[in-house]
Every structure is written in structure tokens, then in C-alpha cells.
Amino acid sequence: MKYSFATATCGAALAVAFATTATTATAQSLQCGEPYTVAAGDSLSKLAAEVYDDATAYQIIYSANAAAIGPNPGNISVGLRLDIPCLGNTVASTAAPITQDVGVERLPFPNDAEIRILQGTGWAPFSNEDQEQGGMLTEIANVAMTNAAGGTDYKIDFVNDWGAHLTPLITDNAYDLALGWFKPNCAVVDRLGEDSQFRCNNFDWTEPLFEQLFGYYTRASDPRLSGYDDIIGKTVCRPAGYATFQLEENDLQGDNITLVRPVDPAECFTALVAGDVDVVALAVDTAEGLMVDTGTADQIVNNENINQVLTLHALTSKNNPRGEAILAEFNSGLNAIKENGEWFEIVRRHLTEFRAMTSDG
């Protein structure tokens, strides 16, 4: 199987976000590398603070235990056994080195003998040409295809115009798979906006590449949100350019909320503290960094009990004549590396390196 990696620069545009938690008070010993049994009052963020000295590292614990925790990381049940991974620097990439051909101006015609995979840059740690192996999702795709049944040749190109990925590059079958797209809850498609309905109606999806955690933030002085109904009638801040299906699937749209969309995501948190908005809806990891940057962390809380798990996938066009076979081959490799632990090692390494980079910066 061969692997090549190329870049086509066409401009850049994308904003996406991310999220996490549950509840903590530990009576037993908590050490990385050993299983831990959830006790009354435990939360992922508190466990992460104790074992890693960093409450925002809950994503590491969640990634290691996503199947056991389920879709609501804010509700970890007493008696649940969690794997607490260590964050050493001994894990090396198992993917073949990626070579990069920069400045491709014209893409070759699709070749039915290979699977063409589309990626963009500027979204660390998930997709970034400056990162090792092109970012977390790029490496997951690379290693998954290396382990896939079928042995089809494949190629991953960076085309740095995210707006062109779905239309026309995937819909016209110039590419077979596009990496790094959130899958809306298509079971409630009638609630979703046009963009999300378009995704539900026109694309088929791989198994999840990664789970992101999404949160709802309020002032620490305000009553906690007990459910999504508590948000109805409030003013919600969600930055411009960020997807809104997370809100739509919970009926937080139209006349039910007042939606504020600043260009700068940091403005959501300054507006929240100032009383200009009631709720900030943003991925947890992104939110944690912005609260530190804006000096608002001690005035804002994440309502962990209503955090959502968002899944990132690769997708293909429903009109791709090879789509079903391509999804089956990709999923075979993805499931293989999830079963043998290689997927988690990739996730752990990229998240750890990204946290070290952002904390140093």
C-alpha cells in the first residue's frame, strides 16, 4: 500500500469548537496507569486536576473511557471503573513518515484504483500541516488505512479551502472522503438548519474518529442549568462561523432563544461577565482557554450535567458509486486500531502535545 501527501492552497476558512465533564470526591488512591472506581461526587475534571494537576485534561480521561461513560460525560455513575492513562512522552508515532508536496495548483483526475482523502489545515490539534503527521485526525486516517482490509492505495491531500470540501469536491466525487466533519443528529433532521440538513441528506459517514465535548457556560453567580429547557428565553452567545446544530437539535433556535454571534469567540465570555448574554455555547477545551485569556475563569461555570458529546467523522457523498465499499474499508482499519489501542495512543499523544504547546504559549 502506498501513501502520499499533498497540499493545494485555495484560501482558508473554518471555525469549530470543542467540549467535557461529570462530578468528584476521592476516598481511594488515584494514580495514572491504574483503574479507578468512581465514588460519590466524582467528576472528570476533578479527577484530572488530581492526577494531572490540570482540570482541563478531562478530555484525556474521557477519550480513554468514552464507550463506558456514554454520551453524557457530566453523569459518571458511582461504581464505574475508569482507565486513568499516564501522560508520559514515550509514545511515538506508528504511522509512516508523511511526505508533503507543497503548491499543487491543479489536482489530477480521480483514480478509481485509489481512495482520495481530503483534509484542510489550521485546526490544531485535529488538522494542521505544521503538526506531526498533519494533526490527530490526519494520522488516525493514515494509520486506519494502513490497517484496513482490502489494501487499496490511498492519498491524503490538504486543500486549504474548507468551504470547497463538501461542495464541490466531495459532491462531485473529486475526492472520496473528507476528514473532520461533525455529524448532526439526523434523527431530528426537521429541527436542524439548512446546512445540517444538507449534511444529513447528502453524505454517508464513517465510524467516529474522535469525540469532542461541548458545554454551556453561565455566570457563577447564576443558578445552574438543570436542562436545555432552562436555556429557552435566554440570550445565547455562539461565535460567528461556528456550527449551530448543537443548539438546533435541542430546540434552542428561532424564537426560543436570542442568538448573539460575535466574530471573536473571546467576546462571548466578556459579554457573559458583563451581563449582556446569559449563556455561552462552546466546546469545552476552547472555552477553558478563552476564559483564561479573558481573565473570566473564576466568574464562569460550565454546566457539566448538560454537556454534549459531538462526534467527528470522515464522510463521502451518497452519490459516490464506491461509497459503500470505501466506508467499509476505512471502518475496518479504524475499528482495528481502536481494538489494538493504537487509536488511543495517537489521541493521547496529540492532545498531550497540544496542551503542552498551548500552556507554554
# chains A, B, ... in the order shown; residues from 1 in each chain; ligands from 1

$ residues_around --residues "A:Cys86" --least-positions-apart "5" --cutoff "9 Å" --atoms "only C-alpha atoms" --output "PDB file with C-alpha atoms, in the first residue's frame"
ATOM      1  CA  GLN A  31      -2.909   7.113  40.157  1.00  0.00           C
ATOM      2  CA  CYS A  32      -2.365   7.075  36.441  1.00  0.00           C
ATOM      3  CA  GLY A  33      -1.888   3.664  34.920  1.00  0.00           C
ATOM      4  CA  GLU A  34      -4.277   2.079  37.414  1.00  0.00           C
ATOM      5  CA  VAL A  51      -3.952  13.111  38.729  1.00  0.00           C
ATOM      6  CA  TYR A  52      -2.618  15.573  36.121  1.00  0.00           C
TER       7      TYR A  52
END

$ residues_around --residues "A:Leu179" --least-positions-apart "6" --cutoff "10 Å" --atoms "only C-alpha atoms" --output "PyMOL selection string"
chain A and resi 117-120+126-127+137-138+141+156+165+206+209+312-316

$ write_last_selection --atoms "C-alpha atoms" --output "PDB file, in the first residue's frame"
ATOM      1  CA  ILE A 117      -8.934  11.634   1.156  1.00  0.00           C
ATOM      2  CA  LEU A 118      -9.436  15.366   1.644  1.00  0.00           C
ATOM      3  CA  GLN A 119      -8.123  17.409   4.569  1.00  0.00           C
ATOM      4  CA  GLY A 120      -7.616  21.071   5.491  1.00  0.00           C
ATOM      5  CA  PHE A 126      -7.002  17.873  14.710  1.00  0.00           C
ATOM      6  CA  SER A 127      -5.790  19.029  11.332  1.00  0.00           C
ATOM      7  CA  LEU A 137      -7.341  13.195  12.504  1.00  0.00           C
ATOM      8  CA  THR A 138      -4.894  13.008   9.615  1.00  0.00           C
ATOM      9  CA  ALA A 141      -6.897   8.273   8.880  1.00  0.00           C
ATOM     10  CA  ILE A 156      -4.434  12.409   1.556  1.00  0.00           C
ATOM     11  CA  HIS A 165     -14.616  20.483   0.669  1.00  0.00           C
ATOM     12  CA  THR A 206     -17.575   6.669   8.802  1.00  0.00           C
ATOM     13  CA  LEU A 209     -12.785   9.351  14.502  1.00  0.00           C
ATOM     14  CA  LEU A 312     -16.064  13.848  14.290  1.00  0.00           C
ATOM     15  CA  HIS A 313     -16.120  11.680  11.185  1.00  0.00           C
ATOM     16  CA  ALA A 314     -14.958  11.307   7.623  1.00  0.00           C
ATOM     17  CA  LEU A 315     -17.778  11.464   5.108  1.00  0.00           C
ATOM     18  CA  THR A 316     -18.467  10.545   1.500  1.00  0.00           C
TER      19      THR A 316
END

$ select_by_dssp --residues "stretch 95-213 of chain A" --states "helix (DSSP H, G or I)" --output "PyMOL selection string"
chain A and resi 132-134+136-146+162-170+186-191+194-202

$ residues_around --residues "A:Leu30" --least-positions-apart "2" --cutoff "9 Å" --atoms "only C-alpha atoms" --output "PyMOL selection string"
chain A and resi 26-28+32+34-36+47+50-51+84

$ residues_around --residues "A:Ala57" --least-positions-apart "4" --cutoff "9 Å" --atoms "only C-alpha atoms" --output "list in words"
Leu44, Ser45, Ala48, Ala49, Tyr52, Asp53, Ile61, Asp285, Leu351, Thr352 and Arg355 of chain A

$ write_last_selection --atoms "C-alpha atoms" --output "compact mmCIF listing (two decimals), in the first residue's frame"
# COMPACT_ATOMS: atom_id res chain seq x y z
CA LEU A 44 -13.86 14.01 35.24
CA SER A 45 -12.47 17.50 35.69
CA ALA A 48 -7.97 15.24 36.00
CA ALA A 49 -6.99 18.02 38.40
CA TYR A 52 -2.62 15.57 36.12
CA ASP A 53 -2.73 18.85 38.08
CA ILE A 61 -9.80 10.53 30.67
CA ASP A 285 -11.36 22.87 25.60
CA LEU A 351 -3.79 16.04 22.98
CA THR A 352 -0.81 15.96 25.34
CA ARG A 355 -1.83 21.06 25.79

$ residues_around --residues "A:Asn201" --least-positions-apart "5" --cutoff "9 Å" --atoms "only C-alpha atoms" --output "ChimeraX atom specification"
/A:186,189,196,318

$ write_last_selection --atoms "C-alpha atoms" --output "short mmCIF file (atom, residue, chain, number, x, y, z; two decimals), in the first residue's frame"
data_model
loop_
_atom_site.label_atom_id
_atom_site.label_comp_id
_atom_site.auth_asym_id
_atom_site.auth_seq_id
_atom_site.Cartn_x
_atom_site.Cartn_y
_atom_site.Cartn_z
CA CYS A 186 -30.01 13.33 11.79
CA VAL A 189 -33.41 16.43 10.97
CA SER A 196 -27.09 20.42 8.86
CA LYS A 318 -24.23 9.43 -1.19
#

$ atom_distance --atom1 "atom CA of A:Pro239" --atom2 "atom CA of A:Tyr216"
13.2 Å

$ residues_around --residues "A:Trp343" --least-positions-apart "2" --cutoff "12 Å" --atoms "only C-alpha atoms" --output "PyMOL selection string"
chain A and resi 63-64+91+93-95+136-144+147+208-210+333-341+345-350

$ write_last_selection --atoms "C-alpha atoms" --output "PDB file, in the first residue's frame"
ATOM      1  CA  SER A  63     -11.176   9.632  25.413  1.00  0.00           C
ATOM      2  CA  ALA A  64      -9.894   6.565  27.252  1.00  0.00           C
ATOM      3  CA  VAL A  91       4.649   7.155  22.799  1.00  0.00           C
ATOM      4  CA  SER A  93       4.021   7.772  16.075  1.00  0.00           C
ATOM      5  CA  THR A  94       3.381   4.392  14.446  1.00  0.00           C
ATOM      6  CA  ALA A  95       2.432   5.934  11.107  1.00  0.00           C
ATOM      7  CA  MET A 136      -4.601  13.968  15.034  1.00  0.00           C
ATOM      8  CA  LEU A 137      -7.341  13.195  12.504  1.00  0.00           C
ATOM      9  CA  THR A 138      -4.894  13.008   9.615  1.00  0.00           C
ATOM     10  CA  GLU A 139      -2.774  10.487  11.484  1.00  0.00           C
ATOM     11  CA  ILE A 140      -5.814   8.458  12.534  1.00  0.00           C
ATOM     12  CA  ALA A 141      -6.897   8.273   8.880  1.00  0.00           C
ATOM     13  CA  ASN A 142      -3.380   7.355   7.759  1.00  0.00           C
ATOM     14  CA  VAL A 143      -2.995   4.576  10.315  1.00  0.00           C
ATOM     15  CA  ALA A 144      -6.566   3.343   9.791  1.00  0.00           C
ATOM     16  CA  ASN A 147      -4.599  -1.335   8.832  1.00  0.00           C
ATOM     17  CA  PRO A 208     -16.422   8.285  14.749  1.00  0.00           C
ATOM     18  CA  LEU A 209     -12.785   9.351  14.502  1.00  0.00           C
ATOM     19  CA  PHE A 210     -12.985  11.291  17.764  1.00  0.00           C
ATOM     20  CA  GLY A 333      -8.992  -0.100   9.699  1.00  0.00           C
ATOM     21  CA  LEU A 334     -10.448   2.366  12.187  1.00  0.00           C
ATOM     22  CA  ASN A 335     -12.039  -0.409  14.242  1.00  0.00           C
ATOM     23  CA  ALA A 336      -8.789  -2.373  14.144  1.00  0.00           C
ATOM     24  CA  ILE A 337      -6.735   0.446  15.644  1.00  0.00           C
ATOM     25  CA  LYS A 338      -9.389   1.125  18.266  1.00  0.00           C
ATOM     26  CA  GLU A 339      -9.270  -2.528  19.286  1.00  0.00           C
ATOM     27  CA  ASN A 340      -5.471  -2.769  19.422  1.00  0.00           C
ATOM     28  CA  GLY A 341      -5.052   0.525  21.324  1.00  0.00           C
ATOM     29  CA  GLU A 345      -2.126   6.310  21.687  1.00  0.00           C
ATOM     30  CA  ILE A 346      -2.500   8.684  18.724  1.00  0.00           C
ATOM     31  CA  VAL A 347      -5.207  10.680  20.511  1.00  0.00           C
ATOM     32  CA  ARG A 348      -3.267  10.805  23.758  1.00  0.00           C
ATOM     33  CA  ARG A 349      -0.063  11.969  22.096  1.00  0.00           C
ATOM     34  CA  HIS A 350      -1.687  14.746  20.073  1.00  0.00           C
TER      35      HIS A 350
END

$ atom_distance --atom1 "atom CA of A:Ile326" --atom2 "atom CA of A:Thr121"
23.3 Å
